[in-house]
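Engineer: Just start_0.cif, nothing more (mmCIF, C-alpha atoms):
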data_entry
loop_
_atom_site.label_atom_id
_atom_site.label_comp_id
_atom_site.auth_asym_id
_atom_site.auth_seq_id
_atom_site.Cartn_x
_atom_site.Cartn_y
_atom_site.Cartn_z
CA LEU C 1 -104.36 36.14 -144.33
CA GLY C 2 -102.15 34.96 -147.15
CA ASN C 3 -101.24 31.74 -145.38
CA GLN C 4 -104.91 31.09 -144.70
CA GLY C 5 -105.88 31.67 -148.34
CA LYS C 6 -108.10 34.65 -147.45
CA PHE C 7 -106.00 37.53 -148.80
CA THR C 8 -107.54 40.08 -151.12
CA PRO C 9 -106.10 43.51 -152.02
CA GLU C 10 -109.07 45.18 -150.37
CA MET C 11 -108.13 43.58 -147.04
CA LEU C 12 -104.78 45.36 -147.07
CA GLY C 13 -106.51 48.73 -147.37
CA MET C 14 -109.08 47.82 -144.73
CA THR C 15 -106.39 46.69 -142.30
CA ALA C 16 -104.37 49.89 -142.80
CA THR C 17 -107.48 52.04 -142.39
CA THR C 18 -108.51 50.19 -139.24
CA ALA C 19 -105.06 50.67 -137.70
CA PHE C 20 -105.08 54.37 -138.59
CA VAL C 21 -108.56 54.92 -137.15
CA TRP C 22 -107.58 53.18 -133.88
CA LEU C 23 -104.47 55.34 -133.71
CA MET C 24 -106.55 58.50 -134.08
CA ILE C 25 -109.08 57.30 -131.49
CA GLU C 26 -106.28 56.53 -129.07
CA ILE C 27 -104.68 59.95 -129.52
CA GLY C 28 -108.06 61.63 -129.10
CA VAL C 29 -108.81 59.72 -125.89
CA VAL C 30 -105.39 60.59 -124.44
CA GLN C 31 -105.80 64.27 -125.38
CA LEU C 32 -109.27 64.32 -123.82
CA ALA C 33 -108.01 62.63 -120.66
CA MET C 34 -105.13 65.11 -120.39
CA TYR C 35 -107.60 67.97 -120.77
CA LEU C 36 -110.04 66.57 -118.21
CA ILE C 37 -107.43 66.06 -115.52
CA SER C 38 -105.69 69.34 -116.38
CA VAL C 39 -102.28 67.97 -117.31
CA THR C 40 -100.18 70.81 -118.61
CA THR C 41 -97.17 69.45 -120.46
CA ASP C 42 -95.13 70.30 -123.49
CA ILE C 43 -96.23 67.12 -125.24
CA LYS C 44 -97.67 67.78 -128.67
CA ILE C 45 -100.04 65.70 -130.72
CA PHE C 46 -97.19 64.45 -132.92
CA ASP C 47 -95.33 63.29 -129.83
CA LEU C 48 -98.40 61.33 -128.78
CA ALA C 49 -98.65 59.88 -132.29
CA SER C 50 -95.03 58.75 -132.16
CA PHE C 51 -95.40 57.17 -128.72
CA SER C 52 -98.59 55.46 -129.88
CA GLY C 53 -96.91 54.34 -133.09
CA TYR C 54 -94.32 52.23 -131.32
CA LYS C 55 -96.89 49.48 -131.01
CA PHE C 56 -96.79 48.89 -134.77
CA VAL C 57 -93.19 47.65 -134.57
CA HIS C 58 -94.21 45.14 -131.94
CA MET C 59 -97.25 44.15 -133.98
CA ILE C 60 -94.99 43.31 -136.93
CA VAL C 61 -92.82 41.15 -134.67
CA CYS C 62 -95.92 39.31 -133.44
CA VAL C 63 -97.25 38.73 -136.94
CA VAL C 64 -93.90 37.45 -138.22
CA SER C 65 -93.64 35.18 -135.19
CA ALA C 66 -97.11 33.84 -135.94
CA MET C 67 -96.15 33.16 -139.54
CA ILE C 68 -92.99 31.29 -138.56
CA LEU C 69 -93.91 29.59 -135.29
CA GLY C 70 -97.71 29.49 -135.32
CA SER C 71 -99.95 30.52 -132.47
CA THR C 72 -97.39 29.62 -129.78
CA GLY C 73 -94.86 31.97 -131.34
CA TYR C 74 -97.49 34.68 -131.61
CA TYR C 75 -98.48 34.49 -127.96
CA LEU C 76 -94.89 34.29 -126.71
CA SER C 77 -93.82 37.28 -128.80
CA PHE C 78 -96.99 39.13 -127.81
CA ILE C 79 -96.27 38.67 -124.10
CA TYR C 80 -92.67 39.83 -124.51
CA SER C 81 -93.61 42.74 -126.78
CA SER C 82 -96.37 43.84 -124.44
CA ALA C 83 -94.05 43.88 -121.45
CA ALA C 84 -91.40 45.73 -123.44
CA ILE C 85 -93.70 48.46 -124.72
CA VAL C 86 -95.36 48.99 -121.32
CA TYR C 87 -91.95 49.29 -119.63
CA PHE C 88 -90.66 51.64 -122.34
CA LEU C 89 -93.70 53.91 -122.21
CA ILE C 90 -93.75 54.11 -118.42
CA CYS C 91 -90.04 54.96 -118.30
CA THR C 92 -90.32 57.52 -121.09
CA LEU C 93 -93.66 59.21 -120.42
CA ARG C 94 -93.15 59.61 -116.69
CA TYR C 95 -90.77 62.50 -117.37
CA ILE C 96 -93.41 64.19 -119.50
CA ILE C 97 -96.60 63.47 -117.55
CA LEU C 98 -94.97 63.43 -114.09
CA PRO C 99 -92.44 66.26 -114.38
CA ASP C 100 -91.72 66.51 -110.65
CA SER C 101 -88.89 64.13 -109.87
CA THR C 102 -86.61 63.99 -106.88
CA GLU C 103 -82.94 63.14 -106.51
CA ASP C 104 -83.71 59.43 -106.33
CA ARG C 105 -85.19 59.66 -109.86
CA ILE C 106 -88.64 58.63 -108.70
CA ALA C 107 -91.23 60.76 -110.42
CA ARG C 108 -93.99 61.78 -108.08
CA GLY C 109 -97.29 63.25 -109.10
CA SER C 110 -100.95 63.22 -108.49
CA LYS C 111 -102.90 60.00 -108.55
CA ARG C 112 -104.70 61.14 -111.70
CA ARG C 113 -101.42 61.69 -113.54
CA ASN C 114 -100.19 58.28 -112.46
CA ASN C 115 -103.41 56.70 -113.69
CA LEU C 116 -103.11 58.51 -117.02
CA LEU C 117 -99.56 57.25 -117.42
CA LEU C 118 -100.65 53.69 -116.69
CA LEU C 119 -103.66 54.02 -119.02
CA ILE C 120 -101.45 55.11 -121.90
CA ALA C 121 -98.96 52.32 -121.26
CA PHE C 122 -101.42 49.47 -120.70
CA ILE C 123 -103.78 50.34 -123.55
CA GLN C 124 -101.02 49.61 -126.09
CA PRO C 125 -101.04 45.80 -125.63
CA LEU C 126 -104.84 45.76 -125.83
CA ILE C 127 -104.82 47.59 -129.14
CA MET C 128 -101.96 45.40 -130.37
CA PHE C 129 -104.00 42.30 -129.60
CA TRP C 130 -107.15 43.73 -131.15
CA LEU C 131 -105.36 44.50 -134.40
CA THR C 132 -103.38 41.25 -134.66
CA HIS C 133 -105.43 38.49 -133.01
CA HIS C 134 -106.81 37.32 -136.35
CA VAL C 135 -103.39 36.04 -137.47
CA THR C 136 -103.15 33.35 -134.81
CA TYR C 137 -103.48 29.83 -135.96
CA GLY C 138 -105.24 26.95 -134.35
CA PRO C 139 -103.69 23.52 -134.05
CA ASP C 140 -101.94 22.24 -137.12
CA PRO C 141 -104.40 20.62 -139.49
CA SER C 142 -104.23 16.88 -139.85
CA PRO C 143 -102.40 15.68 -142.95
CA LEU C 144 -104.48 14.85 -145.98
CA PRO C 145 -105.07 11.18 -146.65
CA LYS C 146 -103.00 9.75 -149.46
CA THR C 147 -104.91 8.79 -152.52
CA SER C 148 -103.63 6.40 -155.12
CA LEU C 149 -103.80 7.34 -158.75
#
Output the structure of this file as structure tokens.
Structural biologist:
Amino acid sequence: LGNQGKFTPEMLGMTATTAFVWLMIEIGVVQLAMYLISVTTDIKIFDLASFSGYKFVHMIVCVVSAMILGSTGYYLSFIYSSAAIVYFLICTLRYIILPDSTEDRIARGSKRRNNLLLLIAFIQPLIMFWLTHHVTYGPDPSPLPKTSL
């Protein structure tokens, strides 16, 4: 917003509040889904908040990339960050949501648990995009015509 000349102090508070509300909605949806499909795990609400909070690091990387490299940098860093966070969450949460693993380290579980794991992992990039898409830039503006004084 600062580079676009649209920054106001109120926007900082609104952006932080929006991110916090989306984080709470996400945690609530995951808790509700775990309740509805009867997933009994030792995961606590603070654990869910920490796993959901990893997206903010990737969002910062995307915003900085957009500031330095423009929209191309944003989209490239967004694709990489999305793949990284999905891979990380699937590898980490499968031991919590799918506790039954065999010797070959492949966690097996019900189809509902697998779907919950994939929902948690793949919702992160969507929320990342929703919260950061406004920082992308269009094509570079044409230079101003020179005027003689």
Engineer: Report as a VMD selection string all protein, DNA and RNA residues lying within 8 Å of Ile90 of chain C, evaluated on all atoms listed in the file, omitting residues in the same chain fewer than 5 positions from it.
Structural biologist: chain C and resid 117 to 118 121
Engineer: Mind checking which residues fall within 12 Å of segment 17-30 of chain C, counting all atoms listed in the file, ignoring those fewer than 4 positions away in the same chain, and posting them as a PyMOL selection string?
Structural biologist: chain C and resi 10-13+34-39+43-56+59+97+113+115-124+126-132
Engineer: Any idea what the distance is between atom CA of Ile96 of chain C and atom CA of Thr41 of chain C?
Structural biologist: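 Going from atom CA of Ile96 of chain C over to atom CA of Thr41 of chain C covers 6.5 Å.
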Engineer: Mind pulling up the distance from atom CA of Ala84 of chain C to atom CA of Val57 of chain C?
Structural biologist: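 A separation of 11.4 Å between them.
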Engineer: If you measure from atom CA of Phe88 of chain C to atom CA of Val63 of chain C, what distance in Å do you get, rounded to one decimal?
Structural biologist: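 Between atom CA of Phe88 of chain C and atom CA of Val63 of chain C the gap is 20.6 Å.
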Engineer: Nearest residue to Pro125 of chain C out of C:Ser110, C:Thr92, C:Ser81, C:Ser65, using only C-alpha atoms?
Structural biologist: C:Ser81
Engineer: Compare C:Tyr80, C:Met14, C:Asp42, C:Val61 by their minimum atom-to-atom distance to Leu93 of chain C, counting only C-alpha atoms, and give me the closest one.
Structural biologist: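 Selected residue with least distance to Leu93 of chain C: C:Asp42.
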